[in-house]
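Peer 1: Pasting in a structure now, in structure tokens, and then I'll have a few things to ask.
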Amino acid sequence: MESKQPEIRKTVIKLVAVVIGMFGFGFALVPLYDVFCEITGINGKTSDVAATYENVVVDKGRWVNVEFITRTNSGMPWEFKSQTKRVRVNPGEMHQVDFYAHNTSSRDIVGQAVPSVSPGTAAIYLNKTECFCFDQQPLKAGEEVIMPMRFYVDPALPEDITYFTLQYTLYDVTEQAQEIAYNRG
Amino acid sequence: MRNKLYQLIALALSFISTALFAASDTHPDAYQLNLTKGVTDISQEVYDLHMTIFIICVVIGAGVFAVMLWSTIFHRKSRGVKPATFHESVKVEIAWTVAPFVILIFMAIPAAQTLIAMEDTTEADITVLVTGSQWKWHYKYMDDEVEFFSLMATQQEEIKNKFEKNPNYLLEVDRPLVIPTDKKVRFLITSDDVIHSWWVPAFAVKKDANPGFINEAWTKVNEPGIYRGQCAELCGKDHGFMPVVVIAKEPAEYEAWIAEQKEIQRLAKEEEQKLLAMNMDMAELMSVGERVYATACAACHMPNGEGLPGVFPALKGSDIALNDMQKHIDVVVNGIPGTAMQSYAKQLSLKEMAAVITYERNAWGNDTGETVQAKDVNALMNGN
Amino acid sequence: MTTATDELHHDDHHHDHKPSGIMRWLLTTNHKDISSLYLWFAFIMFLVGGAMAMVIRAELFQPGLQIVEPDFFNQMTTVHGLIMVFGAVMPAFTGLANWMVPLMIGAPDMALPRMNNWSFWILPFAFAILLSSLFMEGGGPNFGWTFYAPLSTTYSNDSTALFVFSVHIMGASSIMGAINVIVTILNMRAPGMTLMKMPLFVWTWLITAFLLIAVMPVLAGAVTMVLTDKYFGTSFFDAAGGGDPVMFQHIFWFFGHPEVYIMILPAFGIISQIVPTFSRKKLFGYASMVYATASIALLSFVVWAHHMFTTGMPLFGELFFMIATMLISVPTGVKVFNWVATMWRGAISFEMPMMFSLAFIVLFTIGGLSGLMLAITPVDFQYHDTYFVVAHFHYVLVTGAVFSIMAAAYYWLPKWTGKMYDTTLAQWHFWCSLISVNLLFFPMHFVGLAGMPRRIPDYALQFADFNKWISIGGFAFGLSQLIFLALLIKACRKQGEPVSDQVWEGAEGLEWEVPSPAPYHTFETPPVVK
């Protein structure tokens with residue numbers, strides 16, 4: 001058995017490397033999942049960075065309905081509405097929709113809007129050049145704000161999608177925002 | 001003789017098929033054995049697909065078991081047989097690798113067709129936003145300004161075996177969702193806290209409600225009726241107690257219903273405004289409060305206000321309920337983000353919130369003697 | 001015993017005079033001792049997890065809440081699942097591997113005997129932590145063994161930290177066990193024991209061990225993320241912070257689906273050992289069995305999302321995972337066909353290991369076919385999270401994995417103790433188990449199809465009749481295992497008829513060439529395999 005020790009050691013080292021690698025892979029699944037979502041639009045996540053609007057050909061022959069839904073998560077005491085319920089757009093055409101937010105409570109709150117698109121496959125064709133959802137929104141007690149969102153629908157949107165829904169859920173992230181500010185400051 | 005045998009087989013088959021198929025009514029009976037056929041074209045298609053796959057599986061299983069049975073009867077050592085010596089055959093093995101492939105293709109084709117039919121994303125006539133939260137559903141009609149919560153209506157006494165259980169035990173709600181028949185209805189499904197799953201078997205619709213994300217499902221109901229389902233994803237303590245009830249009405253009746261709901265909501269708002277100028281007396285607040293507490297609070301904080309140690313805090317003797325009235329109102333109105341304590345601002349009226357806070361400050365020995373009025377709650381909510 | 005060879009090997013784990021009492025078991029590095037510990041531990045956990053199942057079935061005996069509160073009910077379903085998966089089935093298979101792999105490949109012991117001791121002895125601590133959390137204020141884990149976020153993060157109670165640590169320890173134990181098995185099989189085979197001559201139990205375990213080291217670390221990652229989300233402010237699974245609760249399910253099931261094969265591949269190996277023995281005929285299609293096992297293992301990495309069809313996947317995702325899942329039934333079918341072909345024209349006798357194996361083949365096939373039904377996405381929308389799923393996985397895991405473990409126990413018990421088990425008790429155990437297990441799990445198909453969701457403490461009245469029968473089946477199945485306990489105690493006290501070295505007339509393989517009972521040290525000089 002002694003004669004086999006070097007081989008045993010070699011196999012063990014390899015296997016331990018696999019274990020460590022797979023533990024890392026478990027965490028690597030997090031960015032991998034995001035990349036996968038971005039490529040396929042699985043789960044309706046939209047990109048959280050601004051798109052650019054250059055050389056986009058407007059497809060005049062086609063109409064797509066985009067519907068906007070706003071929600072505040074439980075315990076988020078803001079009034080949050082989209083000024084437009086739905087728009088009818090040509091793919092490639094630039095549009096602006098304004099959202100209204102009002103902190104009705106008596107304390108300062110930082111909000112974060114989380115977008116979600118359904119059907120999820122439409123998400124990657126929704127290009128936002130400007131969106132309040134890219135950043136956190138601090139509102140003082142009683143303050144109100146109009147937040148613009150500029151977007152265009154990629155003309156490559158599959159033919160079978162004639163309309164889709166964009167939902168924003170507004171979360172109270174005051175605590176997390178304070179922690180970050182504290183850490184930075 | 002042979003005729004007799006056929007008759008017998010036919011009888012047995014008809015017996016089995018009645019047992020399997022007859023029970024798939026919209027109102028499930030005890031001893032229902034099979035999937036419901038449902039009341040939509042899709043659910044019918046799903047049912048047919050289920051039966052096709054089921055029968056293929058039964059045939060495969062029966063074939064394998066028959067060969068096994070044959071071996072155990074005729075190839076047993078006690079019969080004095082000598083074992084054969086073969087132990088491989090490339091031909092046979094290729095055959096039973098390829099054959100299942102072919103069967104699978106025959107299963108996959110209708111399955112893919114049904115799936116594509118289900119995911120028909122063309123525009124719907126009506127959109128309902130379905131929001132799950134611990135442990136109730138909220139419905140919002142996107143085209144009309146109508147929205148409401150839907151809570152289980154079964155009494156605690158029935159669950160605790162003190163009262164006789166009614167036929168719709170655990171499958172009844174205070175305010176069912178109403179949809180029109182023969183119209184394409186789209187459900188946008190999301191959640192406020194944990195993952196729930198909105199399921200109506202008769203529509204073959206089951207979709208997860210994921211916090212922060214929306215999912216879609218569609219249905220087109222063919223027959224008016226009451227259809228019952230339940231939350232299908234474990235969502236905490238009262239996961240078993242958040243039923244879904246949908247009433248499908250003829251389009252005209254549905255329109256009338258929507259108009260009526262709008263009127264009710266308008267009146268309720270007017271009522272709220274009137275209340276701001278009035279004070280209610282202790283007795284009224286306590287009686288309304290007790291009722292609200294039982295439906296909205298008792299699930300977690302328990303009917304005796306003692307909560308569940310380590311999970312849900314006690315209200316009886318709590319510092320907030322005895323001293324800090326503003327904090328108390330804030331917690332009820334806004335909830336505590338990141339915990340199971342939800343915001344009740346949208347779930348309860350001003351009057352109900354005022355009443356339940358008063359109740360919590362005066363029940364179970366919390367004898368503060370203080371009343372909370374609708375205007376106090378409104379002041380906190382709207383900062384004036 | 002083998003004094004001649006003992007002089008050559010003076011490693012401490014080769015000492016012949018083992019310490020007595022508790023120290024022998026605490027310090028042992030002998031693969032036979034360690035595996036006996038594993039097997040007893042697994043059996044005790046089986047009874048503990050079973051007791052929780054009894055609580056569940058007692059509550060569900062009739063509609064209404066009678067015995068436990070919903071929150072405690074959820075703790076019972078959660079801990080029942082965790083204990084049965086990580087405490088009963090997996091340690092039992094590891095125990096069997098510890099006993100039999102060295103004997104089957106002609107090795108003197110496992111390659112890493114000290115680590116072997118370690119990987120067992122951390123297990124009792126893991127389960128002590130898990131079980132103690134039930135007595136905490138607020139109770140134990142109550143979010144299901146699948147611990148979906150955010151129910152297990154933001155909305156869970158404080159025992160979650162204990163849950164996470166105990167899963168970490170269980171994972172470490174399984175990983176160490178798996179490394180040991182792989183190293184032993186790759187390096188310690190007797191001369192002439194080529195890979196394609198290895199008994200199928202060894203093959204299936206080798207593949208299982210690779211699955212284990214591939215996915216247990218991913219589980220460790222998942223629970224770590226749950227821990228940091230709950231206590232350290234990360235938001236992997238929290239939408240407000242840019243995370244995604246559905247991603248949890250992807251990560252979990254990336255572990256979870258291979259995990260279910262971890263619990264069934266060794267069972268395939270056991271059945272492939274037993275069926276040829278009692279059919280007195282070589283296993284049909286040895287090579288195809290190996291390839292089928294390997295392809296099941298590989299496919300298991302690309303089917304995970306079939307647990308998630310209702311989460312809202314795009315159409316192409318649903319189609320892909322449906323078809324990939326259906327493909328698994330091909331190699332699984334090959335296995336079943338091969339077993340039946342092995343029996344075909346054999347000379348079958350019906351000793352207890354064979355009885356359990358026959359029951360396994362029939363009932364596992366039922367579980368496999370209902371699995372195929374569940375793979376069909378559009379109908380899975382109806383089946384998902386109902387008792388139909390509960391029926392399916394209990395057919396696969398109880399009448400599959402657990403029955404195979406019992407078959408293995410009956411098959412090798414005489415080799416371990418040198419005495420034949422009590423055949424009368426064995427008959428009672430088998431027939432009581434067989435009847436009750438079907439009464440327990442078969443009607444679950446019906447209530448599931450009729451619309452009863454899983455993990456509910458109370459149900460609508462239409463499900464009442466079947467649930468009564470299911471509960472009766474459950475109690476009977478639980479009691480039947482006490483017969484097995486009695487039989488095992490008798491066997492361990494070395495009561496019964498002495499057996500020959502070969503034990504079973506048709507048995508072939510190295511393990512049947514050592515004396516019965518197998519001596520403390522075996523194959524210190526490697527046998528030569530022709």
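To be explicit about the labels: the chains of the structure tokens are called A, B, and onward in the order shown, and within each one the residues are counted from 1, while ligands get numbers from 1 in the order they are shown.
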Hey, list the chain C side of the contact with chain A: 6 Å cut-off, only C-alpha atoms, answer as a PDB file with all heavy atoms, in the first residue's frame.
Peer 2:
```
ATOM      1  N   ILE C 213     -18.732  15.271  -5.668  1.00  0.00           N
ATOM      2  CA  ILE C 213     -17.744  16.352  -5.549  1.00  0.00           C
ATOM      3  C   ILE C 213     -18.048  17.479  -6.527  1.00  0.00           C
ATOM      4  O   ILE C 213     -17.590  18.589  -6.348  1.00  0.00           O
ATOM      5  CB  ILE C 213     -16.275  15.879  -5.704  1.00  0.00           C
ATOM      6  CG1 ILE C 213     -16.016  15.321  -7.085  1.00  0.00           C
ATOM      7  CG2 ILE C 213     -15.888  14.902  -4.625  1.00  0.00           C
ATOM      8  CD1 ILE C 213     -14.529  15.253  -7.350  1.00  0.00           C
ATOM      9  N   ALA C 214     -18.867  17.209  -7.524  1.00  0.00           N
ATOM     10  CA  ALA C 214     -19.221  18.295  -8.440  1.00  0.00           C
ATOM     11  C   ALA C 214     -20.320  19.175  -7.866  1.00  0.00           C
ATOM     12  O   ALA C 214     -20.314  20.381  -8.078  1.00  0.00           O
ATOM     13  CB  ALA C 214     -19.645  17.729  -9.791  1.00  0.00           C
ATOM     14  N   PRO C 217     -20.262  21.062  -3.411  1.00  0.00           N
ATOM     15  CA  PRO C 217     -19.735  22.418  -3.206  1.00  0.00           C
ATOM     16  C   PRO C 217     -20.706  23.502  -3.686  1.00  0.00           C
ATOM     17  O   PRO C 217     -20.733  24.601  -3.112  1.00  0.00           O
ATOM     18  CB  PRO C 217     -18.455  22.435  -4.044  1.00  0.00           C
ATOM     19  CG  PRO C 217     -18.068  21.011  -4.194  1.00  0.00           C
ATOM     20  CD  PRO C 217     -19.346  20.242  -4.224  1.00  0.00           C
ATOM     21  N   VAL C 218     -21.487  23.198  -4.706  1.00  0.00           N
ATOM     22  CA  VAL C 218     -22.461  24.190  -5.180  1.00  0.00           C
ATOM     23  C   VAL C 218     -23.538  24.399  -4.119  1.00  0.00           C
ATOM     24  O   VAL C 218     -23.969  25.527  -3.855  1.00  0.00           O
ATOM     25  CB  VAL C 218     -23.076  23.753  -6.526  1.00  0.00           C
ATOM     26  CG1 VAL C 218     -24.141  24.739  -6.965  1.00  0.00           C
ATOM     27  CG2 VAL C 218     -21.991  23.640  -7.582  1.00  0.00           C
ATOM     28  N   GLY C 221     -22.162  26.553  -1.592  1.00  0.00           N
ATOM     29  CA  GLY C 221     -22.237  27.936  -2.062  1.00  0.00           C
ATOM     30  C   GLY C 221     -23.623  28.505  -1.866  1.00  0.00           C
ATOM     31  O   GLY C 221     -23.787  29.634  -1.390  1.00  0.00           O
ATOM     32  N   ALA C 240     -34.915  43.846  -4.372  1.00  0.00           N
ATOM     33  CA  ALA C 240     -34.697  45.255  -4.034  1.00  0.00           C
ATOM     34  C   ALA C 240     -33.241  45.639  -4.194  1.00  0.00           C
ATOM     35  O   ALA C 240     -32.921  46.766  -4.540  1.00  0.00           O
ATOM     36  CB  ALA C 240     -35.154  45.517  -2.615  1.00  0.00           C
TER      37      ALA C 240
END
```
Peer 1: For B:Gly236, work out the shell of residues within 9 Å, counting only C-alpha atoms and skipping chain neighbours fewer than 3 positions away, then give it as a PDB file with C-alpha atoms, in the first residue's frame.
Peer 2:
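Okay, selection-v8.pdb is ready:
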```pdb
ATOM      1  CA  GLN B 134     -48.406  36.249   3.208  1.00  0.00           C
ATOM      2  CA  TRP B 135     -51.242  34.807   3.121  1.00  0.00           C
ATOM      3  CA  VAL B 194     -41.985  35.464  -0.614  1.00  0.00           C
ATOM      4  CA  HIS B 239     -49.433  28.410   2.998  1.00  0.00           C
ATOM      5  CA  GLY B 240     -52.287  25.931   3.275  1.00  0.00           C
TER       6      GLY B 240
ATOM      7  CA  PRO C  70     -48.926  24.939  10.881  1.00  0.00           C
ATOM      8  CA  ASP C  71     -45.513  26.385  11.688  1.00  0.00           C
ATOM      9  CA  ASN C  74     -43.603  23.066   8.186  1.00  0.00           C
ATOM     10  CA  ASN C 142     -39.580  25.735   8.278  1.00  0.00           C
ATOM     11  CA  PHE C 143     -38.987  26.589   4.622  1.00  0.00           C
ATOM     12  CA  LEU C 151     -38.611  32.485   2.530  1.00  0.00           C
ATOM     13  CA  TYR C 155     -38.607  35.728   6.155  1.00  0.00           C
ATOM     14  CA  SER C 156     -36.963  32.889   8.077  1.00  0.00           C
TER      15      SER C 156
END
```
Peer 1: Quick one, how far is atom CA of C:Asp501 from atom CA of C:Val183?
Peer 2: 28.0 Å
Peer 1: Write out as a ChimeraX atom specification the residues lying within 10 Å of B:Ala283, counting only C-alpha atoms and excluding same-chain residues fewer than 4 positions away.
Peer 2: /B:287-289,355,359,371
Peer 1: Given the selection you just returned, output its residues as a file containing all heavy atoms, formatted as a PDB file, in the first residue's frame.
Peer 2:
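As a result, out.pdb now contains:
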```pdb
ATOM      1  N   SER B 287     -65.118  47.073  18.961  1.00  0.00           N
ATOM      2  CA  SER B 287     -65.836  45.977  18.294  1.00  0.00           C
ATOM      3  C   SER B 287     -65.368  45.828  16.849  1.00  0.00           C
ATOM      4  O   SER B 287     -65.152  44.718  16.367  1.00  0.00           O
ATOM      5  CB  SER B 287     -67.358  46.186  18.402  1.00  0.00           C
ATOM      6  OG  SER B 287     -67.810  46.977  17.343  1.00  0.00           O
ATOM      7  N   VAL B 288     -65.156  46.960  16.152  1.00  0.00           N
ATOM      8  CA  VAL B 288     -64.607  46.858  14.801  1.00  0.00           C
ATOM      9  C   VAL B 288     -63.192  46.282  14.873  1.00  0.00           C
ATOM     10  O   VAL B 288     -62.806  45.402  14.110  1.00  0.00           O
ATOM     11  CB  VAL B 288     -64.587  48.240  14.106  1.00  0.00           C
ATOM     12  CG1 VAL B 288     -63.906  48.148  12.740  1.00  0.00           C
ATOM     13  CG2 VAL B 288     -65.996  48.773  13.961  1.00  0.00           C
ATOM     14  N   GLY B 289     -62.422  46.778  15.837  1.00  0.00           N
ATOM     15  CA  GLY B 289     -61.033  46.349  15.982  1.00  0.00           C
ATOM     16  C   GLY B 289     -60.902  44.860  16.212  1.00  0.00           C
ATOM     17  O   GLY B 289     -60.032  44.215  15.638  1.00  0.00           O
ATOM     18  N   ALA B 355     -59.309  51.381  14.344  1.00  0.00           N
ATOM     19  CA  ALA B 355     -59.991  50.469  15.262  1.00  0.00           C
ATOM     20  C   ALA B 355     -59.053  49.369  15.746  1.00  0.00           C
ATOM     21  O   ALA B 355     -59.022  49.050  16.940  1.00  0.00           O
ATOM     22  CB  ALA B 355     -61.219  49.867  14.573  1.00  0.00           C
ATOM     23  N   TYR B 359     -57.847  48.578  19.427  1.00  0.00           N
ATOM     24  CA  TYR B 359     -58.072  47.265  20.024  1.00  0.00           C
ATOM     25  C   TYR B 359     -56.776  46.722  20.626  1.00  0.00           C
ATOM     26  O   TYR B 359     -56.751  46.259  21.763  1.00  0.00           O
ATOM     27  CB  TYR B 359     -58.609  46.319  18.953  1.00  0.00           C
ATOM     28  CG  TYR B 359     -58.829  44.909  19.451  1.00  0.00           C
ATOM     29  CD1 TYR B 359     -59.905  44.608  20.291  1.00  0.00           C
ATOM     30  CD2 TYR B 359     -57.959  43.889  19.095  1.00  0.00           C
ATOM     31  CE1 TYR B 359     -60.099  43.324  20.762  1.00  0.00           C
ATOM     32  CE2 TYR B 359     -58.150  42.599  19.557  1.00  0.00           C
ATOM     33  CZ  TYR B 359     -59.222  42.319  20.391  1.00  0.00           C
ATOM     34  OH  TYR B 359     -59.405  41.050  20.862  1.00  0.00           O
ATOM     35  N   THR B 371     -57.753  55.950  22.669  1.00  0.00           N
ATOM     36  CA  THR B 371     -58.364  55.611  21.388  1.00  0.00           C
ATOM     37  C   THR B 371     -57.522  56.226  20.284  1.00  0.00           C
ATOM     38  O   THR B 371     -56.860  57.247  20.468  1.00  0.00           O
ATOM     39  CB  THR B 371     -59.800  56.153  21.268  1.00  0.00           C
ATOM     40  OG1 THR B 371     -59.742  57.566  21.396  1.00  0.00           O
ATOM     41  CG2 THR B 371     -60.717  55.563  22.310  1.00  0.00           C
TER      42      THR B 371
END
```
Peer 1: In stretch 120-165 of chain A, what's helix (DSSP H, G or I) per DSSP? Answer as a PyMOL selection string?
Peer 2: chain A and resi 120-125+132-134
Peer 1: So which one's closest to B:Pro337, C:Thr29, C:Ser272, C:Thr154, C:Ser471? Using only C-alpha atoms, please.
Peer 2: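 Checking each of C:Thr29, C:Ser272, C:Thr154, C:Ser471 against B:Pro337, counting only C-alpha atoms, the winner is C:Thr154.
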Peer 1: List the neighbours of B:Glu360 out to 9 Å using only C-alpha atoms; skip same-chain residues closer than 4 positions along the sequence, and give me the result as a list in words.
Peer 2: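 Surrounding residues, per the criterion: Met286, Gly289, Glu290, Tyr293, Gly305, Leu315, Lys316, Ala321, Leu322, Ala355, Val356, Trp364 and Asn366 of chain B.
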Peer 1: Taking only C-alpha atoms into account, which of A:Ala101, A:Val56, A:Val49, A:Ile124 comes nearest A:Met76?
Peer 2: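 Ranking A:Ala101, A:Val56, A:Val49, A:Ile124 by distance to A:Met76, first place goes to A:Ala101.
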Peer 1: Closest to chain B among A:Asp154, A:Glu79, A:Asp135, A:Glu93, using only C-alpha atoms?
Peer 2: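 Nearest to chain B: A:Glu79.
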Peer 1: Counting only C-alpha atoms, what is within 12 Å of stretch 475-483 of chain C, bar same-chain residues fewer than 6 positions away, as a PyMOL selection string?
Peer 2: chain C and resi 43-44+46-58+60-61+398-399+402-403+406+422-441+468-469+489-490
Peer 1: Define the interface residues of chain B facing chain A as those within 8 Å, counting only C-alpha atoms, and report them as a PyMOL selection string.
Peer 2: chain B and resi 121-123+192-193+212-216+333-337+342-343+380-383
Peer 1: Taking C-alpha atoms for each residue, export the selection above as a CSV table (one decimal), in the first residue's frame.
Peer 2:
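Heads up, here's the output in again.csv:
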```
chain,number,residue,atom,x,y,z
B,121,THR,CA,-48.9,36.2,-26.0
B,122,THR,CA,-51.4,38.0,-28.3
B,123,GLU,CA,-53.3,40.8,-26.7
B,192,ASP,CA,-45.0,41.4,-2.2
B,193,ASP,CA,-42.9,39.1,0.0
B,212,GLY,CA,-40.0,42.0,-7.9
B,213,PHE,CA,-40.8,40.2,-11.1
B,214,ILE,CA,-43.9,39.7,-13.1
B,215,ASN,CA,-45.1,36.5,-14.8
B,216,GLU,CA,-48.0,36.2,-17.2
B,333,VAL,CA,-49.6,51.6,8.2
B,334,ASN,CA,-46.2,51.0,6.7
B,335,GLY,CA,-45.2,47.6,8.0
B,336,ILE,CA,-41.6,46.8,8.9
B,337,PRO,CA,-39.6,46.3,5.6
B,342,GLN,CA,-46.7,43.9,6.1
B,343,SER,CA,-48.0,47.4,5.3
B,380,LEU,CA,-49.3,59.8,9.7
B,381,MET,CA,-50.0,58.6,6.2
B,382,ASN,CA,-50.3,61.9,4.5
B,383,GLY,CA,-48.2,64.0,6.7
```
Peer 1: Stretch 378-389 of chain C: which residues within 7 Å, counting only C-alpha atoms, same-chain residues fewer than 2 positions away excluded, as a PyMOL selection string?
Peer 2: (chain B and resi 46+50+111+114-115+201+204-206+232-233) or (chain C and resi 310+374-376+391-393+444-445+447-449+451-454)
